[in-house]
$ cat protein.pdb   # PDB, C-alpha atoms
ATOM      1  CA  MET A   4      32.352  73.062  12.191
ATOM      2  CA  ALA A   5      33.973  70.408  10.050
ATOM      3  CA  LYS A   6      37.068  71.397   8.138
ATOM      4  CA  GLY A   7      36.998  71.424   4.345
ATOM      5  CA  HIS A   8      34.241  71.531   1.811
ATOM      6  CA  ARG A   9      31.344  69.073   1.920
ATOM      7  CA  SER A  10      32.502  67.307  -1.253
ATOM      8  CA  GLN A  11      36.012  66.927   0.162
ATOM      9  CA  ILE A  12      34.657  65.415   3.382
ATOM     10  CA  LYS A  13      32.562  62.940   1.362
ATOM     11  CA  ARG A  14      35.570  62.040  -0.793
ATOM     12  CA  GLU A  15      37.673  61.304   2.297
ATOM     13  CA  ARG A  16      34.890  59.241   3.860
ATOM     14  CA  ASN A  17      34.470  57.157   0.693
ATOM     15  CA  ALA A  18      38.230  56.576   0.473
ATOM     16  CA  GLN A  19      38.153  54.878   3.884
ATOM     17  CA  LYS A  20      35.226  52.633   2.933
ATOM     18  CA  ASP A  21      35.605  48.848   2.965
ATOM     19  CA  THR A  22      35.685  47.548  -0.633
ATOM     20  CA  ARG A  23      35.217  43.867   0.180
ATOM     21  CA  PRO A  24      31.948  42.396  -1.146
ATOM     22  CA  SER A  25      29.388  41.759   1.559
ATOM     23  CA  ALA A  26      25.710  41.191   2.241
ATOM     24  CA  LYS A  27      23.647  41.953   5.336
ATOM     25  CA  LEU A  28      20.333  40.533   6.497
ATOM     26  CA  SER A  29      18.615  42.777   9.015
ATOM     27  CA  TYR A  30      15.825  41.746  11.388
ATOM     28  CA  ALA A  31      16.173  37.998  10.754
ATOM     29  CA  ARG A  32      13.695  36.131  12.956
ATOM     30  CA  VAL A  33      16.315  33.862  14.495
ATOM     31  CA  SER A  34      18.283  34.383  17.690
ATOM     32  CA  VAL A  35      21.970  35.284  17.585
ATOM     33  CA  GLN A  36      22.959  32.050  19.336
ATOM     34  CA  LYS A  37      21.170  29.869  16.788
ATOM     35  CA  ALA A  38      22.569  31.835  13.838
ATOM     36  CA  CYS A  39      26.113  31.586  15.237
ATOM     37  CA  PHE A  40      25.974  27.764  15.216
ATOM     38  CA  VAL A  41      25.640  27.872  11.435
ATOM     39  CA  LEU A  42      28.039  30.806  10.924
ATOM     40  CA  ASP A  43      30.783  29.035  12.889
ATOM     41  CA  ALA A  44      30.492  26.047  10.529
ATOM     42  CA  ILE A  45      31.169  28.109   7.375
ATOM     43  CA  ARG A  46      33.639  30.771   8.617
ATOM     44  CA  GLY A  47      36.891  30.731   6.592
ATOM     45  CA  LYS A  48      35.640  28.198   4.021
ATOM     46  CA  ASP A  49      35.479  28.787   0.268
ATOM     47  CA  VAL A  50      32.003  29.593  -1.031
ATOM     48  CA  GLN A  51      31.386  26.264  -2.811
ATOM     49  CA  THR A  52      32.113  24.290   0.372
ATOM     50  CA  ALA A  53      30.025  26.698   2.437
ATOM     51  CA  LEU A  54      27.042  26.353   0.088
ATOM     52  CA  GLY A  55      27.304  22.563   0.402
ATOM     53  CA  ILE A  56      27.381  22.762   4.199
ATOM     54  CA  LEU A  57      24.374  25.095   4.261
ATOM     55  CA  ALA A  58      22.354  22.964   1.829
ATOM     56  CA  TYR A  59      22.521  19.924   4.115
ATOM     57  CA  SER A  60      22.368  21.637   7.497
ATOM     58  CA  PRO A  61      19.046  20.873   9.263
ATOM     59  CA  ARG A  62      18.875  24.204  11.112
ATOM     60  CA  TYR A  63      16.386  26.937  10.165
ATOM     61  CA  ALA A  64      19.100  29.609  10.144
ATOM     62  CA  SER A  65      21.008  27.755   7.411
ATOM     63  CA  SER A  66      18.306  28.524   4.814
ATOM     64  CA  LEU A  67      18.509  32.249   5.647
ATOM     65  CA  ILE A  68      22.312  32.262   5.582
ATOM     66  CA  GLU A  69      22.416  30.298   2.298
ATOM     67  CA  LYS A  70      20.275  32.959   0.631
ATOM     68  CA  LEU A  71      22.478  35.690   2.135
ATOM     69  CA  LEU A  72      25.675  33.983   0.920
ATOM     70  CA  LYS A  73      24.301  33.734  -2.634
ATOM     71  CA  SER A  74      23.534  37.458  -2.471
ATOM     72  CA  ALA A  75      27.097  38.238  -1.326
ATOM     73  CA  ILE A  76      28.498  36.119  -4.199
ATOM     74  CA  ALA A  77      26.320  38.006  -6.688
ATOM     75  CA  ASN A  78      27.517  41.323  -5.214
ATOM     76  CA  ALA A  79      31.140  40.220  -5.639
ATOM     77  CA  GLU A  80      30.621  39.186  -9.283
ATOM     78  CA  ASN A  81      28.521  42.163 -10.402
ATOM     79  CA  ASN A  82      29.901  45.062  -8.338
ATOM     80  CA  ASN A  83      33.548  44.065  -7.832
ATOM     81  CA  GLY A  84      34.189  41.898 -10.922
ATOM     82  CA  MET A  85      35.453  38.936  -8.879
ATOM     83  CA  ARG A  86      35.206  35.266  -9.861
ATOM     84  CA  ALA A  87      33.029  33.028  -7.667
ATOM     85  CA  GLU A  88      35.610  30.209  -7.706
ATOM     86  CA  ASP A  89      38.222  32.388  -5.958
ATOM     87  CA  LEU A  90      35.977  33.669  -3.142
ATOM     88  CA  TYR A  91      36.013  32.615   0.487
ATOM     89  CA  ILE A  92      34.158  33.765   3.591
ATOM     90  CA  GLU A  93      36.466  36.159   5.405
ATOM     91  CA  GLU A  94      34.028  37.347   8.074
ATOM     92  CA  CYS A  95      30.567  36.279   9.141
ATOM     93  CA  TYR A  96      28.828  37.375  12.300
ATOM     94  CA  ALA A  97      25.412  37.935  13.842
ATOM     95  CA  ASN A  98      24.572  40.981  15.927
ATOM     96  CA  LYS A  99      21.640  41.359  18.286
ATOM     97  CA  GLY A 100      18.508  42.957  16.860
ATOM     98  CA  PRO A 101      15.322  44.110  18.572
ATOM     99  CA  THR A 102      13.276  41.703  20.678
ATOM    100  CA  MET A 103       9.511  41.267  20.298
ATOM    101  CA  LYS A 104       7.870  40.823  23.690
ATOM    102  CA  ARG A 105       4.798  38.617  23.980
ATOM    103  CA  ILE A 106       2.720  37.515  26.967
ATOM    104  CA  ARG A 107       1.827  33.901  27.826
ATOM    105  CA  PRO A 108      -1.053  33.436  30.291
ATOM    106  CA  ARG A 109      -0.248  31.149  33.224
ATOM    107  CA  ALA A 110      -2.110  29.745  36.210
ATOM    108  CA  GLN A 111      -3.811  31.963  38.817
ATOM    109  CA  GLY A 112      -3.843  35.092  36.663
ATOM    110  CA  ARG A 113      -0.104  35.327  36.185
ATOM    111  CA  ALA A 114       1.592  36.131  32.889
ATOM    112  CA  TYR A 115       4.979  34.952  31.615
ATOM    113  CA  ARG A 116       6.935  36.923  29.060
ATOM    114  CA  ILE A 117       8.016  35.311  25.792
ATOM    115  CA  GLU A 118      10.905  37.053  24.035
ATOM    116  CA  LYS A 119      11.096  36.537  20.285
ATOM    117  CA  ARG A 120      14.618  37.564  19.396
ATOM    118  CA  MET A 121      15.909  38.958  16.102
ATOM    119  CA  SER A 122      19.402  39.314  14.690
ATOM    120  CA  HIS A 123      21.342  41.178  12.013
ATOM    121  CA  ILE A 124      23.517  38.725  10.034
ATOM    122  CA  THR A 125      26.504  39.921   7.959
ATOM    123  CA  ILE A 126      28.741  37.986   5.546
ATOM    124  CA  VAL A 127      31.965  39.497   4.119
ATOM    125  CA  LEU A 128      33.802  37.751   1.269
ATOM    126  CA  ASN A 129      37.309  38.101  -0.144
ATOM    127  CA  GLU A 130      39.466  36.580  -2.905
ATOM    128  CA  ARG A 131      42.222  34.045  -2.306
TER     129      ARG A 131
END
$ encode --input "protein.pdb" --output "structure tokens"
Amino acid sequence: MAKGHRSQIKRERNAQKDTRPSAKLSYARVSVQKACFVLDAIRGKDVQTALGILAYSPRYASSLIEKLLKSAIANAENNNGMRAEDLYIEECYANKGPTMKRIRPRAQGRAYRIEKRMSHITIVLNER
């Protein structure tokens, strides 16, 4: 049994919660390796510079991450009352998601497996 009343346990859990603004994209149809190329380019930068980098990056993942970054900025402004000019990207990472397995027919009745990988991308902002 847990000690304390249910409301007290919830209060303690919420007190430990991270208050930094963030946004998460789950089940993005891009592999972790390809997403990390783009995330490494924007890590630690202020949001205006990061948006500029993402706008001109030719990779597919950059369009997904740009949309995610705009969502994190909106979360910071609306939920935390922060100014967009003062924000920078404190953390950004991609975790492995589920893999869709597909079959490719090959010669002499064989079959090769195609793995379509997914990732969970997270961006955490903070104020300077």
$ resolve_selection --input "protein.pdb" --expression "the PyMOL selection byres ((chain A and resi 117) around 12)" --output "PyMOL selection string"
chain A and resi 102-109+114-116+118-120
$ closest_residue --input "protein.pdb" --among "A:Leu128, A:Ala64, A:Ala18, A:Ala44" --to "Glu80 in chain A" --atoms "only C-alpha atoms"
A:Leu128
$ resolve_selection --input "protein.pdb" --expression "the PyMOL selection byres ((chain A and resi 40) around 12)" --output "list in words"
Val33, Ser34, Val35, Gln36, Lys37, Ala38, Cys39, Val41, Leu42, Asp43, Ala44, Ile45, Arg46, Leu57, Ser60, Pro61, Arg62, Tyr63, Ala64, Ser65, Ile68, Cys95, Tyr96 and Ala97 of chain A
$ closest_residue --input "protein.pdb" --among "A:Arg32, A:Lys20, A:His8, A:Arg86" --to "Ile124 in chain A" --atoms "all atoms listed in the file"
A:Arg32
$ resolve_selection --input "protein.pdb" --expression "the PyMOL selection byres ((chain A and resi 29) around 8)" --output "ChimeraX atom specification"
/A:27-28,30-31,100,122-124
$ axis_aligned_box --input "protein.pdb" --around "range 5-21 of chain A" --padding-each-side "5 Å" --output "JSON"
{"center_x": 34.8, "center_y": 60.2, "center_z": 4.4, "size_x": 16.9, "size_y": 32.7, "size_z": 21.3}
$ closest_residue --input "protein.pdb" --among "A:Gln11, A:Gln111, A:Asn129, A:Thr22" --to "Glu93 in chain A" --atoms "only C-alpha atoms"
A:Asn129
$ closest_residue --input "protein.pdb" --among "A:Arg131, A:Leu67, A:Ile126, A:Ala53" --to "Met85 in chain A" --atoms "all atoms listed in the file"
A:Arg131
$ atom_distance --input "protein.pdb" --atom1 "CA of Ile92 in chain A" --atom2 "CA of Ser25 in chain A"
9.5 Å
$ atom_distance --input "protein.pdb" --atom1 "CA of Gly47 in chain A" --atom2 "CA of Asn83 in chain A"
19.9 Å
$ atom_distance --input "protein.pdb" --atom1 "CA of Ile56 in chain A" --atom2 "CA of Ile76 in chain A"
15.8 Å
$ residues_around --input "protein.pdb" --residues "Leu54 in chain A" --least-positions-apart "6" --cutoff "9 Å" --atoms "only C-alpha atoms" --output "number ranges by chain"
A: 45, 69, 72-73
